[in-house]
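Content type PDB, C-alpha atoms, from the file coords-v1.pdb:
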```pdb
ATOM      1  CA  MET M   1    -103.809-181.177  77.214  1.00  0.00           C
ATOM      2  CA  THR M   2    -104.233-180.646  73.478  1.00  0.00           C
ATOM      3  CA  PHE M   3    -103.486-183.364  70.959  1.00  0.00           C
ATOM      4  CA  ALA M   4    -102.761-183.135  67.247  1.00  0.00           C
ATOM      5  CA  LEU M   5    -105.792-182.855  64.990  1.00  0.00           C
ATOM      6  CA  SER M   6    -106.278-184.738  61.759  1.00  0.00           C
ATOM      7  CA  VAL M   7    -108.747-184.157  58.948  1.00  0.00           C
ATOM      8  CA  HIS M   8    -110.856-187.195  58.122  1.00  0.00           C
ATOM      9  CA  ARG M   9    -112.754-186.972  54.833  1.00  0.00           C
ATOM     10  CA  THR M  10    -115.778-189.219  55.013  1.00  0.00           C
ATOM     11  CA  THR M  11    -119.556-189.316  54.547  1.00  0.00           C
ATOM     12  CA  THR M  12    -122.496-188.206  56.640  1.00  0.00           C
ATOM     13  CA  THR M  13    -123.392-191.882  57.112  1.00  0.00           C
ATOM     14  CA  ASP M  14    -120.026-192.790  58.678  1.00  0.00           C
ATOM     15  CA  PRO M  15    -120.633-194.142  62.223  1.00  0.00           C
ATOM     16  CA  LEU M  16    -117.709-191.983  63.366  1.00  0.00           C
ATOM     17  CA  ALA M  17    -119.781-188.896  62.515  1.00  0.00           C
ATOM     18  CA  ARG M  18    -122.849-190.056  64.455  1.00  0.00           C
ATOM     19  CA  PRO M  19    -121.975-188.547  67.893  1.00  0.00           C
ATOM     20  CA  LEU M  20    -121.295-185.146  66.332  1.00  0.00           C
ATOM     21  CA  LEU M  21    -124.454-185.215  64.193  1.00  0.00           C
ATOM     22  CA  ASP M  22    -126.542-186.444  67.134  1.00  0.00           C
ATOM     23  CA  GLU M  23    -125.345-183.522  69.243  1.00  0.00           C
ATOM     24  CA  LEU M  24    -126.081-181.131  66.373  1.00  0.00           C
ATOM     25  CA  ALA M  25    -129.598-182.593  66.063  1.00  0.00           C
ATOM     26  CA  TYR M  26    -130.121-182.068  69.797  1.00  0.00           C
ATOM     27  CA  GLU M  27    -128.920-178.465  69.500  1.00  0.00           C
ATOM     28  CA  TYR M  28    -131.262-177.748  66.559  1.00  0.00           C
ATOM     29  CA  THR M  29    -134.176-179.331  68.407  1.00  0.00           C
ATOM     30  CA  THR M  30    -133.425-177.345  71.557  1.00  0.00           C
ATOM     31  CA  ARG M  31    -133.126-174.036  69.710  1.00  0.00           C
ATOM     32  CA  TYR M  32    -135.729-174.479  66.966  1.00  0.00           C
ATOM     33  CA  GLY M  33    -137.964-177.384  67.962  1.00  0.00           C
ATOM     34  CA  SER M  34    -136.818-179.553  65.049  1.00  0.00           C
ATOM     35  CA  ALA M  35    -133.712-181.004  63.428  1.00  0.00           C
ATOM     36  CA  HIS M  36    -135.344-181.435  60.006  1.00  0.00           C
ATOM     37  CA  ASP M  37    -132.476-179.707  58.209  1.00  0.00           C
ATOM     38  CA  LEU M  38    -130.189-182.646  58.989  1.00  0.00           C
ATOM     39  CA  SER M  39    -132.313-184.996  56.877  1.00  0.00           C
ATOM     40  CA  ARG M  40    -133.127-182.484  54.164  1.00  0.00           C
ATOM     41  CA  TYR M  41    -130.352-183.516  51.761  1.00  0.00           C
ATOM     42  CA  PRO M  42    -129.209-186.986  50.718  1.00  0.00           C
ATOM     43  CA  ALA M  43    -125.712-188.029  51.814  1.00  0.00           C
ATOM     44  CA  ALA M  44    -124.565-188.109  48.168  1.00  0.00           C
ATOM     45  CA  GLU M  45    -124.807-184.302  47.999  1.00  0.00           C
ATOM     46  CA  PHE M  46    -121.924-184.076  50.484  1.00  0.00           C
ATOM     47  CA  ALA M  47    -119.661-186.413  48.521  1.00  0.00           C
ATOM     48  CA  PRO M  48    -117.099-185.789  45.777  1.00  0.00           C
ATOM     49  CA  PRO M  49    -116.953-184.540  43.145  1.00  0.00           C
ATOM     50  CA  HIS M  50    -119.409-181.745  44.029  1.00  0.00           C
ATOM     51  CA  GLY M  51    -119.374-181.915  47.814  1.00  0.00           C
ATOM     52  CA  ALA M  52    -117.393-182.927  50.864  1.00  0.00           C
ATOM     53  CA  PHE M  53    -117.937-183.969  54.459  1.00  0.00           C
ATOM     54  CA  LEU M  54    -115.094-183.897  56.935  1.00  0.00           C
ATOM     55  CA  LEU M  55    -114.375-184.434  60.572  1.00  0.00           C
ATOM     56  CA  LEU M  56    -111.573-183.045  62.686  1.00  0.00           C
ATOM     57  CA  LEU M  57    -110.319-185.910  64.806  1.00  0.00           C
ATOM     58  CA  GLU M  58    -108.377-185.739  68.045  1.00  0.00           C
ATOM     59  CA  GLN M  59    -107.061-189.086  69.249  1.00  0.00           C
ATOM     60  CA  GLY M  60    -109.360-190.747  66.720  1.00  0.00           C
ATOM     61  CA  ARG M  61    -112.501-189.042  68.030  1.00  0.00           C
ATOM     62  CA  PRO M  62    -114.531-186.381  66.214  1.00  0.00           C
ATOM     63  CA  VAL M  63    -114.273-182.949  67.814  1.00  0.00           C
ATOM     64  CA  ALA M  64    -115.636-180.818  64.939  1.00  0.00           C
ATOM     65  CA  GLY M  65    -116.907-181.220  61.433  1.00  0.00           C
ATOM     66  CA  GLY M  66    -118.591-179.668  58.462  1.00  0.00           C
ATOM     67  CA  ALA M  67    -119.626-180.129  54.888  1.00  0.00           C
ATOM     68  CA  TYR M  68    -120.381-178.438  51.634  1.00  0.00           C
ATOM     69  CA  ARG M  69    -122.629-179.298  48.726  1.00  0.00           C
ATOM     70  CA  ARG M  70    -123.048-177.864  45.266  1.00  0.00           C
ATOM     71  CA  TYR M  71    -125.349-174.848  45.366  1.00  0.00           C
ATOM     72  CA  ASP M  72    -124.815-173.890  41.730  1.00  0.00           C
ATOM     73  CA  GLU M  73    -122.031-174.252  39.170  1.00  0.00           C
ATOM     74  CA  ASP M  74    -119.817-171.654  40.870  1.00  0.00           C
ATOM     75  CA  THR M  75    -121.053-171.874  44.458  1.00  0.00           C
ATOM     76  CA  ALA M  76    -120.553-174.355  47.283  1.00  0.00           C
ATOM     77  CA  GLU M  77    -123.037-174.240  50.162  1.00  0.00           C
ATOM     78  CA  LEU M  78    -121.657-174.881  53.642  1.00  0.00           C
ATOM     79  CA  LYS M  79    -123.711-177.066  55.958  1.00  0.00           C
ATOM     80  CA  ARG M  80    -123.343-178.818  59.311  1.00  0.00           C
ATOM     81  CA  ILE M  81    -120.426-176.803  60.682  1.00  0.00           C
ATOM     82  CA  TRP M  82    -120.276-178.050  64.247  1.00  0.00           C
ATOM     83  CA  THR M  83    -117.931-178.303  67.214  1.00  0.00           C
ATOM     84  CA  HIS M  84    -118.602-180.857  69.922  1.00  0.00           C
ATOM     85  CA  SER M  85    -119.680-179.087  73.117  1.00  0.00           C
ATOM     86  CA  ALA M  86    -116.681-180.430  75.051  1.00  0.00           C
ATOM     87  CA  HIS M  87    -114.244-178.862  72.575  1.00  0.00           C
ATOM     88  CA  ARG M  88    -115.526-175.335  71.995  1.00  0.00           C
ATOM     89  CA  ARG M  89    -113.520-172.108  72.234  1.00  0.00           C
ATOM     90  CA  ARG M  90    -110.466-173.721  70.605  1.00  0.00           C
ATOM     91  CA  GLY M  91    -110.845-172.324  67.068  1.00  0.00           C
ATOM     92  CA  LEU M  92    -111.974-175.678  65.681  1.00  0.00           C
ATOM     93  CA  ALA M  93    -114.918-174.330  63.680  1.00  0.00           C
ATOM     94  CA  ARG M  94    -112.609-171.818  62.021  1.00  0.00           C
ATOM     95  CA  ARG M  95    -110.236-174.675  61.136  1.00  0.00           C
ATOM     96  CA  VAL M  96    -113.138-176.600  59.598  1.00  0.00           C
ATOM     97  CA  LEU M  97    -114.091-173.496  57.596  1.00  0.00           C
ATOM     98  CA  THR M  98    -110.532-173.069  56.349  1.00  0.00           C
ATOM     99  CA  VAL M  99    -110.282-176.670  55.146  1.00  0.00           C
ATOM    100  CA  LEU M 100    -113.715-176.559  53.482  1.00  0.00           C
ATOM    101  CA  GLU M 101    -112.916-173.249  51.762  1.00  0.00           C
ATOM    102  CA  ARG M 102    -109.583-174.570  50.491  1.00  0.00           C
ATOM    103  CA  GLU M 103    -111.150-177.777  49.181  1.00  0.00           C
ATOM    104  CA  ALA M 104    -114.068-175.952  47.548  1.00  0.00           C
ATOM    105  CA  ALA M 105    -111.647-173.596  45.789  1.00  0.00           C
ATOM    106  CA  ALA M 106    -109.552-176.556  44.617  1.00  0.00           C
ATOM    107  CA  ARG M 107    -112.726-178.079  43.131  1.00  0.00           C
ATOM    108  CA  GLY M 108    -113.289-174.909  41.132  1.00  0.00           C
ATOM    109  CA  TYR M 109    -115.892-173.134  43.242  1.00  0.00           C
ATOM    110  CA  SER M 110    -115.423-169.366  43.369  1.00  0.00           C
ATOM    111  CA  ARG M 111    -118.083-168.562  45.959  1.00  0.00           C
ATOM    112  CA  ILE M 112    -119.387-170.010  49.202  1.00  0.00           C
ATOM    113  CA  TYR M 113    -122.939-169.489  50.351  1.00  0.00           C
ATOM    114  CA  LEU M 114    -124.420-170.490  53.691  1.00  0.00           C
ATOM    115  CA  THR M 115    -127.266-169.813  56.027  1.00  0.00           C
ATOM    116  CA  THR M 116    -127.338-170.052  59.779  1.00  0.00           C
ATOM    117  CA  GLY M 117    -130.257-169.854  62.120  1.00  0.00           C
ATOM    118  CA  PRO M 118    -131.316-166.652  63.848  1.00  0.00           C
ATOM    119  CA  ARG M 119    -130.811-168.324  67.253  1.00  0.00           C
ATOM    120  CA  GLN M 120    -127.159-169.119  66.615  1.00  0.00           C
ATOM    121  CA  PRO M 121    -125.265-165.920  67.468  1.00  0.00           C
ATOM    122  CA  GLU M 122    -122.028-167.929  67.813  1.00  0.00           C
ATOM    123  CA  ALA M 123    -122.261-169.013  64.174  1.00  0.00           C
ATOM    124  CA  LYS M 124    -123.133-165.495  63.021  1.00  0.00           C
ATOM    125  CA  GLY M 125    -120.062-164.194  64.850  1.00  0.00           C
ATOM    126  CA  LEU M 126    -117.834-166.892  63.365  1.00  0.00           C
ATOM    127  CA  TYR M 127    -118.885-166.127  59.799  1.00  0.00           C
ATOM    128  CA  LEU M 128    -118.539-162.371  60.229  1.00  0.00           C
ATOM    129  CA  ALA M 129    -115.079-162.817  61.784  1.00  0.00           C
ATOM    130  CA  SER M 130    -114.073-165.173  58.954  1.00  0.00           C
ATOM    131  CA  GLY M 131    -114.741-162.697  56.164  1.00  0.00           C
ATOM    132  CA  TYR M 132    -118.249-163.734  55.164  1.00  0.00           C
ATOM    133  CA  ARG M 133    -120.502-160.967  53.895  1.00  0.00           C
ATOM    134  CA  PRO M 134    -123.976-160.910  55.433  1.00  0.00           C
ATOM    135  CA  LEU M 135    -126.759-160.859  52.849  1.00  0.00           C
ATOM    136  CA  PHE M 136    -129.163-159.387  55.407  1.00  0.00           C
ATOM    137  CA  ASP M 137    -129.468-156.286  57.563  1.00  0.00           C
ATOM    138  CA  VAL M 138    -127.197-157.017  60.540  1.00  0.00           C
ATOM    139  CA  SER M 139    -128.961-154.324  62.597  1.00  0.00           C
ATOM    140  CA  ALA M 140    -132.339-156.080  62.288  1.00  0.00           C
ATOM    141  CA  ASP M 141    -133.642-158.550  64.860  1.00  0.00           C
ATOM    142  CA  PRO M 142    -132.419-161.943  63.548  1.00  0.00           C
ATOM    143  CA  GLU M 143    -135.761-163.531  64.497  1.00  0.00           C
ATOM    144  CA  SER M 144    -137.471-161.186  62.018  1.00  0.00           C
ATOM    145  CA  ILE M 145    -135.234-162.428  59.178  1.00  0.00           C
ATOM    146  CA  GLY M 146    -135.293-166.207  59.532  1.00  0.00           C
ATOM    147  CA  PRO M 147    -132.251-168.048  58.174  1.00  0.00           C
ATOM    148  CA  LEU M 148    -129.319-165.623  57.980  1.00  0.00           C
ATOM    149  CA  PRO M 149    -127.570-165.845  54.575  1.00  0.00           C
ATOM    150  CA  PHE M 150    -123.864-165.156  54.039  1.00  0.00           C
ATOM    151  CA  GLU M 151    -121.458-165.339  51.113  1.00  0.00           C
ATOM    152  CA  LYS M 152    -117.732-165.300  50.569  1.00  0.00           C
ATOM    153  CA  PHE M 153    -115.788-165.204  47.325  1.00  0.00           C
ATOM    154  CA  LEU M 154    -112.815-167.542  47.035  1.00  0.00           C
ATOM    155  CA  GLU M 155    -109.583-167.325  45.158  1.00  0.00           C
ATOM    156  CA  ASN M 156    -109.148-170.399  43.017  1.00  0.00           C
ATOM    157  CA  PRO M 157    -105.727-171.966  43.225  1.00  0.00           C
ATOM    158  CA  LYS M 158    -103.329-171.105  40.448  1.00  0.00           C
ATOM    159  CA  PRO M 159    -102.527-174.008  38.092  1.00  0.00           C
TER     160      PRO M 159
END
```
Starting from the coordinates I provided, produce the structure as structure tokens.
Amino acid sequence: MTFALSVHRTTTTDPLARPLLDELAYEYTTRYGSAHDLSRYPAAEFAPPHGAFLLLLEQGRPVAGGAYRRYDEDTAELKRIWTHSAHRRRGLARRVLTVLEREAAARGYSRIYLTTGPRQPEAKGLYLASGYRPLFDVSADPESIGPLPFEKFLENPKP
């Protein structure tokens, strides 16, 4: 049974986000041996006016989430896009992307930049399917590249 989803704008320090971020840390550690990227940026970087952190909630529980931070004056950098393992294959990550893109455009960003790890083929597929342009040779072995960079240009909302 599927329930209605709501978008909850919050902070990375919100206790509601903890189960999702803990699972993400476990996934990073399992795939890469470390979850250092999760503590790389202070929480304030994912807060308005230059950033955002959101959760998709189903029956009050987080099922997916994501964030962006200011990369440069025109560019938002996506981080922490994650779907809880019990809720995958439902299009939730794409919904998170859509909300983050819309909010970044409304804040005046014209471009989104992101990187994903070479051991995350699901993320690579999501970004390619969502119109992100790879800034790397897609025919190369991802392990030989390191973090896989992508970009997407946004249309800013009309006044």
Written as a list in words, what is the full residue list that the PyMOL selection byres ((chain M and resi 20) around 10) yields on the file shown?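 Applying the PyMOL selection byres ((chain M and resi 20) around 10) to the structure shown produces Pro15, Leu16, Ala17, Arg18, Pro19, Leu21, Asp22, Glu23, Leu24, Ala25, Tyr26, Leu55, Arg61, Pro62, Val63, Ala64, Gly65, Gly66, Arg80, Trp82, Thr83, His84 and Ser85 of chain M.
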Give the answer as one residue: which of M:Thr75, M:Ser139, M:Ser130, M:Ser110 has the shortest atom-to-atom distance to M:Gly91, using all atoms listed in the file?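 Smallest separation from M:Gly91 among the options: M:Ser130.
Of the listed residues (M:Arg90, M:Arg31, M:Lys152, M:Arg9), M:Lys152 comes nearest to M:Leu78; the distances count all atoms listed in the file.
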Could you tell me which residues the PyMOL selection byres ((chain M and resi 74) around 10) returns for this structure, as number ranges by chain? M: 70-73, 75-76, 104-105, 107-112, 153
List the neighbours of M:Ala67 out to 7 Å using only C-alpha atoms; skip same-chain residues closer than 3 positions along the sequence, and give me the result as a VMD selection string. chain M and resid 46 52 to 54 78 to 81
Residue nearest M:Arg119 - candidates M:Ala140, M:His50, M:Tyr32, M:Glu151, atoms counted: only C-alpha atoms: M:Tyr32
In terms of only C-alpha atoms, the residue from M:Lys124, M:Ala35, M:Thr29, M:Ala43 at minimal distance from M:Thr13 is M:Ala43
Selection result for the PyMOL selection byres ((chain M and resi 150) around 7) on this file, as a list of chain:residue names: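 Going through the file, the PyMOL selection byres ((chain M and resi 150) around 7) ends up selecting M:Tyr113, M:Leu114, M:Thr115, M:Tyr132, M:Arg133, M:Pro134, M:Leu135, M:Leu148, M:Pro149, M:Glu151.
Every protein, DNA or RNA residue with an atom at most 9 Å from M:Pro147, where all atoms listed in the file count and chain neighbours fewer than 2 positions away do not, is listed here: Thr115, Thr116, Gly117, Pro118, Pro142, Glu143, Ile145 and Pro149 of chain M.
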Interatomic distance (Å, one decimal) between atom CA of M:Gly131 and atom CA of M:Gly146: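 Atom CA of M:Gly146 lies at a distance of 21.1 Å from atom CA of M:Gly131.
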Of the candidates M:Ala4, M:Gln120, M:Tyr41, M:Tyr68, which shows the shortest atom-to-atom distance to M:Tyr28, using all atoms listed in the file? M:Gln120
Give me, please, the distance in Å between atom CA of M:Glu27 and atom CA of M:Glu101, quoted to one decimal.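 Separation between atom CA of M:Glu27 and atom CA of M:Glu101: 24.5 Å.
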Interatomic distance between atom CA of M:Val96 and atom CA of M:Pro49?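 For atom CA of M:Val96 relative to atom CA of M:Pro49, the distance reads 18.7 Å.
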For M:Leu154, which of M:Arg40, M:Arg102, M:Leu5, M:Gly33 is the closest residue, counting only C-alpha atoms?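 Comparing M:Arg40, M:Arg102, M:Leu5, M:Gly33 against M:Leu154, the winner is M:Arg102.
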What would stretch 47-77 of chain M look like with N, CA and C atoms in place, written as a CSV table (one decimal), in the coordinates of the input?
```csv
chain,number,residue,atom,x,y,z
M,47,ALA,N,-120.7,-185.5,49.0
M,47,ALA,CA,-119.7,-186.4,48.5
M,47,ALA,C,-119.0,-185.9,47.3
M,48,PRO,N,-117.8,-186.2,47.0
M,48,PRO,CA,-117.1,-185.8,45.8
M,48,PRO,C,-117.9,-186.3,44.6
M,49,PRO,N,-117.9,-185.6,43.5
M,49,PRO,CA,-117.0,-184.5,43.1
M,49,PRO,C,-117.5,-183.2,43.5
M,50,HIS,N,-118.8,-183.1,43.8
M,50,HIS,CA,-119.4,-181.7,44.0
M,50,HIS,C,-119.5,-181.3,45.5
M,51,GLY,N,-119.2,-182.2,46.4
M,51,GLY,CA,-119.4,-181.9,47.8
M,51,GLY,C,-118.3,-182.6,48.6
M,52,ALA,N,-118.4,-182.3,49.9
M,52,ALA,CA,-117.4,-182.9,50.9
M,52,ALA,C,-118.0,-182.9,52.3
M,53,PHE,N,-117.6,-183.9,53.0
M,53,PHE,CA,-117.9,-184.0,54.5
M,53,PHE,C,-116.7,-184.4,55.2
M,54,LEU,N,-116.3,-183.6,56.2
M,54,LEU,CA,-115.1,-183.9,56.9
M,54,LEU,C,-115.3,-183.8,58.4
M,55,LEU,N,-114.4,-184.5,59.1
M,55,LEU,CA,-114.4,-184.4,60.6
M,55,LEU,C,-113.0,-184.0,61.0
M,56,LEU,N,-112.9,-183.3,62.0
M,56,LEU,CA,-111.6,-183.0,62.7
M,56,LEU,C,-111.5,-184.1,63.8
M,57,LEU,N,-110.5,-184.9,63.8
M,57,LEU,CA,-110.3,-185.9,64.8
M,57,LEU,C,-109.2,-185.6,65.8
M,58,GLU,N,-109.4,-185.9,67.0
M,58,GLU,CA,-108.4,-185.7,68.0
M,58,GLU,C,-108.3,-187.1,68.8
M,59,GLN,N,-107.2,-187.7,68.7
M,59,GLN,CA,-107.1,-189.1,69.2
M,59,GLN,C,-108.1,-190.0,68.7
M,60,GLY,N,-108.4,-189.9,67.4
M,60,GLY,CA,-109.4,-190.7,66.7
M,60,GLY,C,-110.8,-190.4,67.0
M,61,ARG,N,-111.1,-189.4,67.7
M,61,ARG,CA,-112.5,-189.0,68.0
M,61,ARG,C,-112.9,-187.7,67.4
M,62,PRO,N,-114.1,-187.6,66.9
M,62,PRO,CA,-114.5,-186.4,66.2
M,62,PRO,C,-114.7,-185.3,67.2
M,63,VAL,N,-114.1,-184.1,67.0
M,63,VAL,CA,-114.3,-182.9,67.8
M,63,VAL,C,-115.0,-181.8,67.1
M,64,ALA,N,-115.0,-181.8,65.8
M,64,ALA,CA,-115.6,-180.8,64.9
M,64,ALA,C,-115.8,-181.4,63.5
M,65,GLY,N,-116.7,-180.7,62.8
M,65,GLY,CA,-116.9,-181.2,61.4
M,65,GLY,C,-117.7,-180.2,60.6
M,66,GLY,N,-117.8,-180.5,59.4
M,66,GLY,CA,-118.6,-179.7,58.5
M,66,GLY,C,-118.6,-180.2,57.1
M,67,ALA,N,-119.4,-179.6,56.2
M,67,ALA,CA,-119.6,-180.1,54.9
M,67,ALA,C,-119.9,-179.0,53.9
M,68,TYR,N,-119.8,-179.3,52.7
M,68,TYR,CA,-120.4,-178.4,51.6
M,68,TYR,C,-121.0,-179.3,50.6
M,69,ARG,N,-121.9,-178.7,49.8
M,69,ARG,CA,-122.6,-179.3,48.7
M,69,ARG,C,-122.7,-178.3,47.6
M,70,ARG,N,-122.9,-178.8,46.4
M,70,ARG,CA,-123.0,-177.9,45.3
M,70,ARG,C,-124.3,-177.1,45.4
M,71,TYR,N,-124.2,-175.7,45.3
M,71,TYR,CA,-125.3,-174.8,45.4
M,71,TYR,C,-125.7,-174.5,43.9
M,72,ASP,N,-124.7,-174.1,43.2
M,72,ASP,CA,-124.8,-173.9,41.7
M,72,ASP,C,-123.4,-174.1,41.1
M,73,GLU,N,-123.3,-173.9,39.9
M,73,GLU,CA,-122.0,-174.3,39.2
M,73,GLU,C,-120.8,-173.6,39.8
M,74,ASP,N,-121.0,-172.4,40.3
M,74,ASP,CA,-119.8,-171.7,40.9
M,74,ASP,C,-119.8,-171.6,42.4
M,75,THR,N,-120.9,-172.1,43.0
M,75,THR,CA,-121.1,-171.9,44.5
M,75,THR,C,-121.2,-173.2,45.2
M,76,ALA,N,-120.4,-173.3,46.3
M,76,ALA,CA,-120.6,-174.4,47.3
M,76,ALA,C,-121.4,-173.8,48.5
M,77,GLU,N,-122.2,-174.6,49.0
M,77,GLU,CA,-123.0,-174.2,50.2
M,77,GLU,C,-122.5,-175.0,51.4
```
